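This is model-v1.tsv. It holds TSV, N, CA and C atoms.
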```
chain	number	residue	atom	x	y	z
E	1	MET	N	-19.80	30.29	-73.62
E	1	MET	CA	-18.60	31.11	-73.68
E	1	MET	C	-18.49	31.70	-75.08
E	2	GLY	N	-18.25	32.98	-75.14
E	2	GLY	CA	-18.15	33.66	-76.42
E	2	GLY	C	-16.82	33.45	-77.08
E	3	MET	N	-16.75	33.80	-78.34
E	3	MET	CA	-15.52	33.62	-79.12
E	3	MET	C	-14.36	34.42	-78.51
E	4	PHE	N	-14.63	35.64	-78.05
E	4	PHE	CA	-13.59	36.46	-77.43
E	4	PHE	C	-13.03	35.78	-76.19
E	5	ASP	N	-13.93	35.23	-75.37
E	5	ASP	CA	-13.50	34.55	-74.15
E	5	ASP	C	-12.66	33.30	-74.49
E	6	GLN	N	-13.05	32.59	-75.53
E	6	GLN	CA	-12.30	31.41	-75.94
E	6	GLN	C	-10.90	31.79	-76.43
E	7	MET	N	-10.82	32.87	-77.18
E	7	MET	CA	-9.51	33.33	-77.66
E	7	MET	C	-8.64	33.78	-76.51
E	8	LYS	N	-9.24	34.48	-75.56
E	8	LYS	CA	-8.51	34.94	-74.39
E	8	LYS	C	-7.98	33.74	-73.59
E	9	GLN	N	-8.84	32.75	-73.42
E	9	GLN	CA	-8.44	31.55	-72.68
E	9	GLN	C	-7.32	30.81	-73.43
E	10	ALA	N	-7.43	30.72	-74.74
E	10	ALA	CA	-6.40	30.06	-75.54
E	10	ALA	C	-5.06	30.79	-75.42
E	11	LEU	N	-5.08	32.10	-75.43
E	11	LEU	CA	-3.84	32.88	-75.28
E	11	LEU	C	-3.24	32.70	-73.89
E	12	GLN	N	-4.09	32.64	-72.87
E	12	GLN	CA	-3.60	32.41	-71.52
E	12	GLN	C	-2.96	31.03	-71.41
E	13	MET	N	-3.61	30.04	-71.99
E	13	MET	CA	-3.08	28.69	-71.95
E	13	MET	C	-1.75	28.62	-72.70
E	14	ARG	N	-1.67	29.27	-73.84
E	14	ARG	CA	-0.42	29.29	-74.62
E	14	ARG	C	0.70	29.93	-73.82
E	15	SER	N	0.39	31.02	-73.15
E	15	SER	CA	1.38	31.70	-72.32
E	15	SER	C	1.85	30.79	-71.18
E	16	GLU	N	0.91	30.11	-70.56
E	16	GLU	CA	1.25	29.20	-69.47
E	16	GLU	C	2.10	28.03	-69.97
E	17	MET	N	1.78	27.50	-71.13
E	17	MET	CA	2.56	26.39	-71.68
E	17	MET	C	3.99	26.84	-72.01
E	18	LYS	N	4.15	28.07	-72.49
E	18	LYS	CA	5.50	28.58	-72.76
E	18	LYS	C	6.29	28.72	-71.46
E	19	ARG	N	5.61	29.16	-70.40
E	19	ARG	CA	6.27	29.29	-69.10
E	19	ARG	C	6.69	27.92	-68.58
E	20	ILE	N	5.81	26.95	-68.74
E	20	ILE	CA	6.11	25.59	-68.30
E	20	ILE	C	7.29	25.03	-69.10
E	21	GLN	N	7.29	25.27	-70.41
E	21	GLN	CA	8.38	24.80	-71.25
E	21	GLN	C	9.71	25.41	-70.81
E	22	ALA	N	9.71	26.69	-70.48
E	22	ALA	CA	10.94	27.35	-70.01
E	22	ALA	C	11.41	26.72	-68.70
E	23	GLU	N	10.48	26.37	-67.83
E	23	GLU	CA	10.84	25.72	-66.56
E	23	GLU	C	11.43	24.33	-66.82
E	24	VAL	N	10.83	23.61	-67.73
E	24	VAL	CA	11.30	22.26	-68.05
E	24	VAL	C	12.71	22.30	-68.60
E	25	GLU	N	13.01	23.30	-69.40
E	25	GLU	CA	14.35	23.41	-69.99
E	25	GLU	C	15.43	23.63	-68.93
E	26	LYS	N	15.04	24.08	-67.73
E	26	LYS	CA	15.99	24.28	-66.64
E	26	LYS	C	16.32	22.98	-65.91
E	27	ILE	N	15.48	21.97	-66.10
E	27	ILE	CA	15.68	20.68	-65.42
E	27	ILE	C	16.88	19.98	-66.04
E	28	SER	N	17.62	19.26	-65.21
E	28	SER	CA	18.67	18.39	-65.73
E	28	SER	C	18.76	17.15	-64.85
E	29	ALA	N	19.26	16.08	-65.43
E	29	ALA	CA	19.44	14.83	-64.71
E	29	ALA	C	20.70	14.17	-65.23
E	30	SER	N	21.35	13.43	-64.33
E	30	SER	CA	22.60	12.77	-64.69
E	30	SER	C	22.49	11.27	-64.48
E	31	TYR	N	23.44	10.58	-65.09
E	31	TYR	CA	23.58	9.15	-64.89
E	31	TYR	C	25.07	8.85	-65.00
E	32	ALA	N	25.56	7.99	-64.11
E	32	ALA	CA	26.98	7.67	-64.11
E	32	ALA	C	27.19	6.17	-63.98
E	33	ASN	N	28.24	5.68	-64.64
E	33	ASN	CA	28.62	4.28	-64.55
E	33	ASN	C	29.97	4.11	-65.22
E	34	GLY	N	30.82	3.30	-64.65
E	34	GLY	CA	32.09	2.96	-65.26
E	34	GLY	C	33.00	4.13	-65.55
E	35	GLY	N	32.92	5.17	-64.72
E	35	GLY	CA	33.79	6.34	-64.91
E	35	GLY	C	33.28	7.32	-65.95
E	36	ILE	N	32.04	7.14	-66.37
E	36	ILE	CA	31.42	8.05	-67.34
E	36	ILE	C	30.19	8.67	-66.69
E	37	THR	N	30.06	9.99	-66.79
E	37	THR	CA	28.88	10.69	-66.28
E	37	THR	C	28.33	11.57	-67.39
E	38	VAL	N	27.02	11.46	-67.64
E	38	VAL	CA	26.36	12.28	-68.65
E	38	VAL	C	25.22	13.02	-67.97
E	39	THR	N	25.10	14.32	-68.27
E	39	THR	CA	23.99	15.13	-67.77
E	39	THR	C	23.20	15.63	-68.97
E	40	VAL	N	21.86	15.46	-68.89
E	40	VAL	CA	20.96	15.84	-69.98
E	40	VAL	C	19.96	16.85	-69.43
E	41	ARG	N	19.66	17.87	-70.23
E	41	ARG	CA	18.67	18.90	-69.85
E	41	ARG	C	17.25	18.41	-70.14
E	42	GLY	N	16.29	19.14	-69.59
E	42	GLY	CA	14.88	18.81	-69.79
E	42	GLY	C	14.43	18.89	-71.23
E	43	ASP	N	15.15	19.62	-72.07
E	43	ASP	CA	14.80	19.68	-73.49
E	43	ASP	C	15.54	18.59	-74.28
E	44	PHE	N	16.13	17.63	-73.56
E	44	PHE	CA	16.80	16.46	-74.11
E	44	PHE	C	18.07	16.78	-74.88
E	45	THR	N	18.74	17.87	-74.52
E	45	THR	CA	20.07	18.15	-75.06
E	45	THR	C	21.10	17.76	-74.01
E	46	VAL	N	22.25	17.31	-74.46
E	46	VAL	CA	23.31	16.90	-73.55
E	46	VAL	C	23.98	18.14	-72.99
E	47	GLN	N	24.02	18.22	-71.67
E	47	GLN	CA	24.62	19.37	-71.00
E	47	GLN	C	26.11	19.14	-70.75
E	48	SER	N	26.45	17.91	-70.33
E	48	SER	CA	27.86	17.63	-70.09
E	48	SER	C	28.15	16.14	-70.16
E	49	ILE	N	29.41	15.84	-70.46
E	49	ILE	CA	29.93	14.48	-70.47
E	49	ILE	C	31.26	14.52	-69.73
E	50	LYS	N	31.38	13.68	-68.73
E	50	LYS	CA	32.64	13.60	-67.98
E	50	LYS	C	33.14	12.16	-68.03
E	51	ILE	N	34.42	12.02	-68.34
E	51	ILE	CA	35.04	10.70	-68.43
E	51	ILE	C	36.28	10.70	-67.55
E	52	GLU	N	36.30	9.77	-66.62
E	52	GLU	CA	37.43	9.66	-65.68
E	52	GLU	C	38.69	9.20	-66.41
E	53	PRO	N	39.85	9.62	-65.92
E	53	PRO	CA	41.12	9.23	-66.55
E	53	PRO	C	41.30	7.72	-66.67
E	54	ASP	N	40.85	6.96	-65.67
E	54	ASP	CA	40.98	5.50	-65.74
E	54	ASP	C	40.18	4.92	-66.90
E	55	THR	N	39.05	5.53	-67.18
E	55	THR	CA	38.22	5.07	-68.29
E	55	THR	C	38.91	5.37	-69.61
E	56	TRP	N	39.52	6.57	-69.71
E	56	TRP	CA	40.27	6.90	-70.93
E	56	TRP	C	41.43	5.93	-71.13
E	57	ALA	N	42.05	5.51	-70.02
E	57	ALA	CA	43.17	4.57	-70.12
E	57	ALA	C	42.72	3.26	-70.74
E	58	GLU	N	41.51	2.81	-70.41
E	58	GLU	CA	40.96	1.59	-71.02
E	58	GLU	C	40.82	1.75	-72.53
E	59	VAL	N	40.37	2.93	-72.95
E	59	VAL	CA	40.20	3.19	-74.39
E	59	VAL	C	41.56	3.17	-75.08
E	60	GLN	N	42.54	3.78	-74.44
E	60	GLN	CA	43.88	3.83	-75.02
E	60	GLN	C	44.51	2.44	-75.14
E	61	LYS	N	44.05	1.51	-74.29
E	61	LYS	CA	44.53	0.14	-74.37
E	61	LYS	C	43.84	-0.64	-75.48
E	62	GLY	N	42.94	0.01	-76.18
E	62	GLY	CA	42.27	-0.63	-77.30
E	62	GLY	C	40.93	-1.24	-76.96
E	63	LYS	N	40.41	-0.96	-75.79
E	63	LYS	CA	39.11	-1.52	-75.38
E	63	LYS	C	37.97	-0.56	-75.74
E	64	THR	N	37.91	-0.23	-77.02
E	64	THR	CA	36.92	0.76	-77.45
E	64	THR	C	35.49	0.23	-77.45
E	65	GLU	N	35.29	-1.04	-77.77
E	65	GLU	CA	33.93	-1.58	-77.80
E	65	GLU	C	33.29	-1.52	-76.42
E	66	ARG	N	34.06	-1.87	-75.39
E	66	ARG	CA	33.55	-1.81	-74.02
E	66	ARG	C	33.18	-0.37	-73.66
E	67	PHE	N	34.04	0.56	-74.02
E	67	PHE	CA	33.78	1.98	-73.74
E	67	PHE	C	32.52	2.45	-74.47
E	68	GLU	N	32.39	2.10	-75.74
E	68	GLU	CA	31.22	2.51	-76.52
E	68	GLU	C	29.93	1.97	-75.90
E	69	THR	N	29.95	0.73	-75.46
E	69	THR	CA	28.77	0.12	-74.82
E	69	THR	C	28.44	0.85	-73.53
E	70	MET	N	29.46	1.10	-72.71
E	70	MET	CA	29.23	1.81	-71.45
E	70	MET	C	28.71	3.22	-71.70
E	71	PHE	N	29.31	3.89	-72.68
E	71	PHE	CA	28.89	5.26	-72.98
E	71	PHE	C	27.43	5.30	-73.42
E	72	LEU	N	27.03	4.39	-74.30
E	72	LEU	CA	25.63	4.33	-74.73
E	72	LEU	C	24.70	4.06	-73.56
E	73	ASN	N	25.08	3.15	-72.68
E	73	ASN	CA	24.25	2.85	-71.51
E	73	ASN	C	24.11	4.06	-70.60
E	74	VAL	N	25.20	4.79	-70.39
E	74	VAL	CA	25.15	5.97	-69.53
E	74	VAL	C	24.32	7.07	-70.19
E	75	LEU	N	24.50	7.29	-71.48
E	75	LEU	CA	23.72	8.30	-72.19
E	75	LEU	C	22.23	7.97	-72.13
E	76	ASN	N	21.88	6.73	-72.40
E	76	ASN	CA	20.47	6.33	-72.34
E	76	ASN	C	19.92	6.42	-70.92
E	77	GLY	N	20.75	6.11	-69.93
E	77	GLY	CA	20.33	6.24	-68.53
E	77	GLY	C	20.04	7.69	-68.17
E	78	ALA	N	20.88	8.60	-68.62
E	78	ALA	CA	20.67	10.03	-68.35
E	78	ALA	C	19.40	10.52	-69.03
E	79	ILE	N	19.16	10.08	-70.26
E	79	ILE	CA	17.94	10.48	-70.98
E	79	ILE	C	16.71	9.94	-70.25
E	80	LYS	N	16.77	8.70	-69.81
E	80	LYS	CA	15.65	8.10	-69.08
E	80	LYS	C	15.39	8.88	-67.78
E	81	ASN	N	16.45	9.24	-67.07
E	81	ASN	CA	16.29	9.99	-65.82
E	81	ASN	C	15.67	11.37	-66.06
E	82	VAL	N	16.13	12.08	-67.07
E	82	VAL	CA	15.58	13.42	-67.31
E	82	VAL	C	14.16	13.32	-67.84
E	83	LYS	N	13.87	12.30	-68.58
E	83	LYS	CA	12.50	12.08	-69.08
E	83	LYS	C	11.54	11.91	-67.91
E	84	LYS	N	11.91	11.07	-66.96
E	84	LYS	CA	11.08	10.82	-65.78
E	84	LYS	C	10.93	12.10	-64.95
E	85	THR	N	12.03	12.78	-64.70
E	85	THR	CA	12.00	14.01	-63.91
E	85	THR	C	11.16	15.08	-64.59
E	86	THR	N	11.30	15.20	-65.91
E	86	THR	CA	10.55	16.19	-66.67
E	86	THR	C	9.05	15.90	-66.63
E	87	GLN	N	8.69	14.64	-66.80
E	87	GLN	CA	7.27	14.27	-66.75
E	87	GLN	C	6.67	14.61	-65.39
E	88	GLU	N	7.39	14.27	-64.31
E	88	GLU	CA	6.89	14.55	-62.97
E	88	GLU	C	6.75	16.05	-62.74
E	89	HIS	N	7.75	16.80	-63.15
E	89	HIS	CA	7.76	18.25	-62.96
E	89	HIS	C	6.62	18.91	-63.76
E	90	MET	N	6.45	18.48	-65.00
E	90	MET	CA	5.40	19.07	-65.84
E	90	MET	C	4.01	18.75	-65.27
E	91	ALA	N	3.82	17.54	-64.80
E	91	ALA	CA	2.51	17.17	-64.24
E	91	ALA	C	2.19	18.05	-63.04
E	92	LYS	N	3.16	18.28	-62.17
E	92	LYS	CA	2.95	19.14	-61.00
E	92	LYS	C	2.65	20.58	-61.43
E	93	MET	N	3.41	21.07	-62.38
E	93	MET	CA	3.23	22.45	-62.83
E	93	MET	C	1.87	22.63	-63.50
E	94	MET	N	1.46	21.66	-64.31
E	94	MET	CA	0.19	21.77	-65.01
E	94	MET	C	-0.98	21.70	-64.03
E	95	GLN	N	-0.86	20.86	-63.01
E	95	GLN	CA	-1.90	20.78	-61.99
E	95	GLN	C	-1.98	22.10	-61.23
E	96	ALA	N	-0.84	22.65	-60.88
E	96	ALA	CA	-0.80	23.92	-60.15
E	96	ALA	C	-1.38	25.05	-61.00
E	97	ALA	N	-1.19	24.96	-62.31
E	97	ALA	CA	-1.70	25.99	-63.22
E	97	ALA	C	-3.17	25.78	-63.56
E	98	GLY	N	-3.73	24.66	-63.11
E	98	GLY	CA	-5.13	24.38	-63.40
E	98	GLY	C	-5.36	23.86	-64.79
E	99	VAL	N	-4.29	23.40	-65.46
E	99	VAL	CA	-4.43	22.91	-66.83
E	99	VAL	C	-4.93	21.46	-66.80
E	100	GLY	N	-4.80	20.80	-65.70
E	100	GLY	CA	-5.27	19.42	-65.59
E	100	GLY	C	-4.14	18.51	-65.18
E	101	GLY	N	-4.44	17.25	-65.11
E	101	GLY	CA	-3.46	16.26	-64.69
E	101	GLY	C	-2.48	15.94	-65.78
E	102	ALA	N	-1.83	14.82	-65.63
E	102	ALA	CA	-0.81	14.40	-66.58
E	102	ALA	C	-1.39	13.76	-67.82
E	103	GLY	N	-2.71	13.80	-67.95
E	103	GLY	CA	-3.45	13.26	-69.08
E	103	GLY	C	-2.66	12.81	-70.26
E	104	GLY	N	-2.30	13.69	-71.16
E	104	GLY	CA	-1.63	13.30	-72.40
E	104	GLY	C	-0.14	13.44	-72.36
E	105	LEU	N	0.45	13.65	-71.21
E	105	LEU	CA	1.90	13.87	-71.15
E	105	LEU	C	2.70	12.65	-71.56
E	106	GLY	N	2.19	11.46	-71.21
E	106	GLY	CA	2.92	10.25	-71.56
E	106	GLY	C	3.19	10.18	-73.05
E	107	SER	N	2.21	10.52	-73.85
E	107	SER	CA	2.39	10.44	-75.30
E	107	SER	C	3.35	11.52	-75.79
E	108	LEU	N	3.40	12.65	-75.10
E	108	LEU	CA	4.33	13.71	-75.50
E	108	LEU	C	5.77	13.27	-75.36
E	109	PHE	N	6.02	12.41	-74.36
E	109	PHE	CA	7.40	12.01	-74.07
E	109	PHE	C	7.66	10.56	-74.42
E	110	GLY	N	6.81	9.98	-75.22
E	110	GLY	CA	7.06	8.62	-75.68
E	110	GLY	C	6.93	7.57	-74.61
E	111	LYS	N	6.08	7.80	-73.63
E	111	LYS	CA	5.93	6.85	-72.52
E	111	LYS	C	5.35	5.56	-73.01
```
Reformat the file's structure so that it appears as structure tokens.
Amino acid sequence: MGMFDQMKQALQMRSEMKRIQAEVEKISASYANGGITVTVRGDFTVQSIKIEPDTWAEVQKGKTERFETMFLNVLNGAIKNVKKTTQEHMAKMMQAAGVGGAGGLGSLFGK
């Protein structure tokens, strides 16, 4: 394969990876527990946080440590869910694009 062909292939791969990244950013996953729901996007940014009124009432009663623990658990659960969903989605997209299997994806996402 000549240098021109290698450069062309590299540009095509770069373009495909950008497309895959854009698709991944559209993914979101949620986790809920104890009246708290967190949704995280595929790029690992928090999309939304919802807290039920009963849960707020607990905080107002001074039970902040319990709330903080629950909130951390829900946030981490949402991150874990979107991480798994993103890995699965990327592996399918890369296989469909002919880039290969999930080979090094685990290391990309801290698996």
Any chance you could list, as an mmCIF file with N, CA and C atoms, in the coordinates of the input, the residues in stretch 38-111 of chain E that come up helix (DSSP H, G or I) when DSSP is run on the backbone?
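File states35.cif, as written:
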```cif
data_model
loop_
_atom_site.group_PDB
_atom_site.id
_atom_site.type_symbol
_atom_site.label_atom_id
_atom_site.label_comp_id
_atom_site.auth_asym_id
_atom_site.auth_seq_id
_atom_site.Cartn_x
_atom_site.Cartn_y
_atom_site.Cartn_z
ATOM 1 N N PRO E 53 39.850 9.620 -65.920
ATOM 2 C CA PRO E 53 41.120 9.230 -66.550
ATOM 3 C C PRO E 53 41.300 7.720 -66.670
ATOM 4 N N ASP E 54 40.850 6.960 -65.670
ATOM 5 C CA ASP E 54 40.980 5.500 -65.740
ATOM 6 C C ASP E 54 40.180 4.920 -66.900
ATOM 7 N N THR E 55 39.050 5.530 -67.180
ATOM 8 C CA THR E 55 38.220 5.070 -68.290
ATOM 9 C C THR E 55 38.910 5.370 -69.610
ATOM 10 N N TRP E 56 39.520 6.570 -69.710
ATOM 11 C CA TRP E 56 40.270 6.900 -70.930
ATOM 12 C C TRP E 56 41.430 5.930 -71.130
ATOM 13 N N ALA E 57 42.050 5.510 -70.020
ATOM 14 C CA ALA E 57 43.170 4.570 -70.120
ATOM 15 C C ALA E 57 42.720 3.260 -70.740
ATOM 16 N N GLU E 58 41.510 2.810 -70.410
ATOM 17 C CA GLU E 58 40.960 1.590 -71.020
ATOM 18 C C GLU E 58 40.820 1.750 -72.530
ATOM 19 N N VAL E 59 40.370 2.930 -72.950
ATOM 20 C CA VAL E 59 40.200 3.190 -74.390
ATOM 21 C C VAL E 59 41.560 3.170 -75.080
ATOM 22 N N GLN E 60 42.540 3.780 -74.440
ATOM 23 C CA GLN E 60 43.880 3.830 -75.020
ATOM 24 C C GLN E 60 44.510 2.440 -75.140
ATOM 25 N N THR E 64 37.910 -0.230 -77.020
ATOM 26 C CA THR E 64 36.920 0.760 -77.450
ATOM 27 C C THR E 64 35.490 0.230 -77.450
ATOM 28 N N GLU E 65 35.290 -1.040 -77.770
ATOM 29 C CA GLU E 65 33.930 -1.580 -77.800
ATOM 30 C C GLU E 65 33.290 -1.520 -76.420
ATOM 31 N N ARG E 66 34.060 -1.870 -75.390
ATOM 32 C CA ARG E 66 33.550 -1.810 -74.020
ATOM 33 C C ARG E 66 33.180 -0.370 -73.660
ATOM 34 N N PHE E 67 34.040 0.560 -74.020
ATOM 35 C CA PHE E 67 33.780 1.980 -73.740
ATOM 36 C C PHE E 67 32.520 2.450 -74.470
ATOM 37 N N GLU E 68 32.390 2.100 -75.740
ATOM 38 C CA GLU E 68 31.220 2.510 -76.520
ATOM 39 C C GLU E 68 29.930 1.970 -75.900
ATOM 40 N N THR E 69 29.950 0.730 -75.460
ATOM 41 C CA THR E 69 28.770 0.120 -74.820
ATOM 42 C C THR E 69 28.440 0.850 -73.530
ATOM 43 N N MET E 70 29.460 1.100 -72.710
ATOM 44 C CA MET E 70 29.230 1.810 -71.450
ATOM 45 C C MET E 70 28.710 3.220 -71.700
ATOM 46 N N PHE E 71 29.310 3.890 -72.680
ATOM 47 C CA PHE E 71 28.890 5.260 -72.980
ATOM 48 C C PHE E 71 27.430 5.300 -73.420
ATOM 49 N N LEU E 72 27.030 4.390 -74.300
ATOM 50 C CA LEU E 72 25.630 4.330 -74.730
ATOM 51 C C LEU E 72 24.700 4.060 -73.560
ATOM 52 N N ASN E 73 25.080 3.150 -72.680
ATOM 53 C CA ASN E 73 24.250 2.850 -71.510
ATOM 54 C C ASN E 73 24.110 4.060 -70.600
ATOM 55 N N VAL E 74 25.200 4.790 -70.390
ATOM 56 C CA VAL E 74 25.150 5.970 -69.530
ATOM 57 C C VAL E 74 24.320 7.070 -70.190
ATOM 58 N N LEU E 75 24.500 7.290 -71.480
ATOM 59 C CA LEU E 75 23.720 8.300 -72.190
ATOM 60 C C LEU E 75 22.230 7.970 -72.130
ATOM 61 N N ASN E 76 21.880 6.730 -72.400
ATOM 62 C CA ASN E 76 20.470 6.330 -72.340
ATOM 63 C C ASN E 76 19.920 6.420 -70.920
ATOM 64 N N GLY E 77 20.750 6.110 -69.930
ATOM 65 C CA GLY E 77 20.330 6.240 -68.530
ATOM 66 C C GLY E 77 20.040 7.690 -68.170
ATOM 67 N N ALA E 78 20.880 8.600 -68.620
ATOM 68 C CA ALA E 78 20.670 10.030 -68.350
ATOM 69 C C ALA E 78 19.400 10.520 -69.030
ATOM 70 N N ILE E 79 19.160 10.080 -70.260
ATOM 71 C CA ILE E 79 17.940 10.480 -70.980
ATOM 72 C C ILE E 79 16.710 9.940 -70.250
ATOM 73 N N LYS E 80 16.770 8.700 -69.810
ATOM 74 C CA LYS E 80 15.650 8.100 -69.080
ATOM 75 C C LYS E 80 15.390 8.880 -67.780
ATOM 76 N N ASN E 81 16.450 9.240 -67.070
ATOM 77 C CA ASN E 81 16.290 9.990 -65.820
ATOM 78 C C ASN E 81 15.670 11.370 -66.060
ATOM 79 N N VAL E 82 16.130 12.080 -67.070
ATOM 80 C CA VAL E 82 15.580 13.420 -67.310
ATOM 81 C C VAL E 82 14.160 13.320 -67.840
ATOM 82 N N LYS E 83 13.870 12.300 -68.580
ATOM 83 C CA LYS E 83 12.500 12.080 -69.080
ATOM 84 C C LYS E 83 11.540 11.910 -67.910
ATOM 85 N N LYS E 84 11.910 11.070 -66.960
ATOM 86 C CA LYS E 84 11.080 10.820 -65.780
ATOM 87 C C LYS E 84 10.930 12.100 -64.950
ATOM 88 N N THR E 85 12.030 12.780 -64.700
ATOM 89 C CA THR E 85 12.000 14.010 -63.910
ATOM 90 C C THR E 85 11.160 15.080 -64.590
ATOM 91 N N THR E 86 11.300 15.200 -65.910
ATOM 92 C CA THR E 86 10.550 16.190 -66.670
ATOM 93 C C THR E 86 9.050 15.900 -66.630
ATOM 94 N N GLN E 87 8.690 14.640 -66.800
ATOM 95 C CA GLN E 87 7.270 14.270 -66.750
ATOM 96 C C GLN E 87 6.670 14.610 -65.390
ATOM 97 N N GLU E 88 7.390 14.270 -64.310
ATOM 98 C CA GLU E 88 6.890 14.550 -62.970
ATOM 99 C C GLU E 88 6.750 16.050 -62.740
ATOM 100 N N HIS E 89 7.750 16.800 -63.150
ATOM 101 C CA HIS E 89 7.760 18.250 -62.960
ATOM 102 C C HIS E 89 6.620 18.910 -63.760
ATOM 103 N N MET E 90 6.450 18.480 -65.000
ATOM 104 C CA MET E 90 5.400 19.070 -65.840
ATOM 105 C C MET E 90 4.010 18.750 -65.270
ATOM 106 N N ALA E 91 3.820 17.540 -64.800
ATOM 107 C CA ALA E 91 2.510 17.170 -64.240
ATOM 108 C C ALA E 91 2.190 18.050 -63.040
ATOM 109 N N LYS E 92 3.160 18.280 -62.170
ATOM 110 C CA LYS E 92 2.950 19.140 -61.000
ATOM 111 C C LYS E 92 2.650 20.580 -61.430
ATOM 112 N N MET E 93 3.410 21.070 -62.380
ATOM 113 C CA MET E 93 3.230 22.450 -62.830
ATOM 114 C C MET E 93 1.870 22.630 -63.500
ATOM 115 N N MET E 94 1.460 21.660 -64.310
ATOM 116 C CA MET E 94 0.190 21.770 -65.010
ATOM 117 C C MET E 94 -0.980 21.700 -64.030
ATOM 118 N N GLN E 95 -0.860 20.860 -63.010
ATOM 119 C CA GLN E 95 -1.900 20.780 -61.990
ATOM 120 C C GLN E 95 -1.980 22.100 -61.230
ATOM 121 N N ALA E 96 -0.840 22.650 -60.880
ATOM 122 C CA ALA E 96 -0.800 23.920 -60.150
ATOM 123 C C ALA E 96 -1.380 25.050 -61.000
ATOM 124 N N LEU E 105 0.450 13.650 -71.210
ATOM 125 C CA LEU E 105 1.900 13.870 -71.150
ATOM 126 C C LEU E 105 2.700 12.650 -71.560
ATOM 127 N N GLY E 106 2.190 11.460 -71.210
ATOM 128 C CA GLY E 106 2.920 10.250 -71.560
ATOM 129 C C GLY E 106 3.190 10.180 -73.050
ATOM 130 N N SER E 107 2.210 10.520 -73.850
ATOM 131 C CA SER E 107 2.390 10.440 -75.300
ATOM 132 C C SER E 107 3.350 11.520 -75.790
ATOM 133 N N LEU E 108 3.400 12.650 -75.100
ATOM 134 C CA LEU E 108 4.330 13.710 -75.500
ATOM 135 C C LEU E 108 5.770 13.270 -75.360
#
```
All strand (DSSP E) positions in chain E, as an NGL selection string:
:E and (28-33 or 36-41 or 46-51)
Polymer residues at most 12 Å from (22.6, 2.0, -59.6) by only C-alpha atoms, as an NGL selection string:
:E and (30-34 or 74 or 77 or 81)
How far is it from atom C of E:Thr39 to atom C of E:Ile79, in Å with one decimal?
8.7 Å
Can you measure atom CA of E:Gly2 to atom CA of E:Gly98 for me? One decimal in Å is fine.
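Atom-to-atom, atom CA of E:Gly2 and atom CA of E:Gly98 are spaced 20.6 Å apart.
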Can you pull out every residue within 12 Å of E:Ala29, counting only C-alpha atoms, but drop anything in the same chain fewer than 4 positions away, and send it as a list in words?
Val24, Glu25, Thr37, Val38, Thr39, Val40, Arg41, Gly42, Asp43, Phe44, Thr45, Val46, Gln47, Ser48, Ile49, Val74, Leu75, Asn76, Gly77, Ala78, Ile79, Lys80, Asn81, Val82, Lys83, Lys84, Thr85 and Thr86 of chain E
Have a look at atom CA of E:Ile36 and atom CA of E:Gln21 and let me know their distance in Å, one decimal.
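Rounded to one decimal, the two atoms are 28.8 Å apart.
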Could you check which of E:Gly35, E:His89, E:Lys8, E:Phe67 is closest to E:Glu23, using all atoms listed in the file?
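Of E:Gly35, E:His89, E:Lys8, E:Phe67, the one nearest E:Glu23 is E:His89, counting all atoms listed in the file.
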Axis-aligned box for all listed atoms of stretch 52-62 of chain E, 3 Å per side, centre and edges in Å to one decimal, as lines of an AutoDock Vina configuration file:
```
center_x = 40.4
center_y = 4.3
center_z = -71.5
size_x = 14.2
size_y = 17.0
size_z = 17.6
```
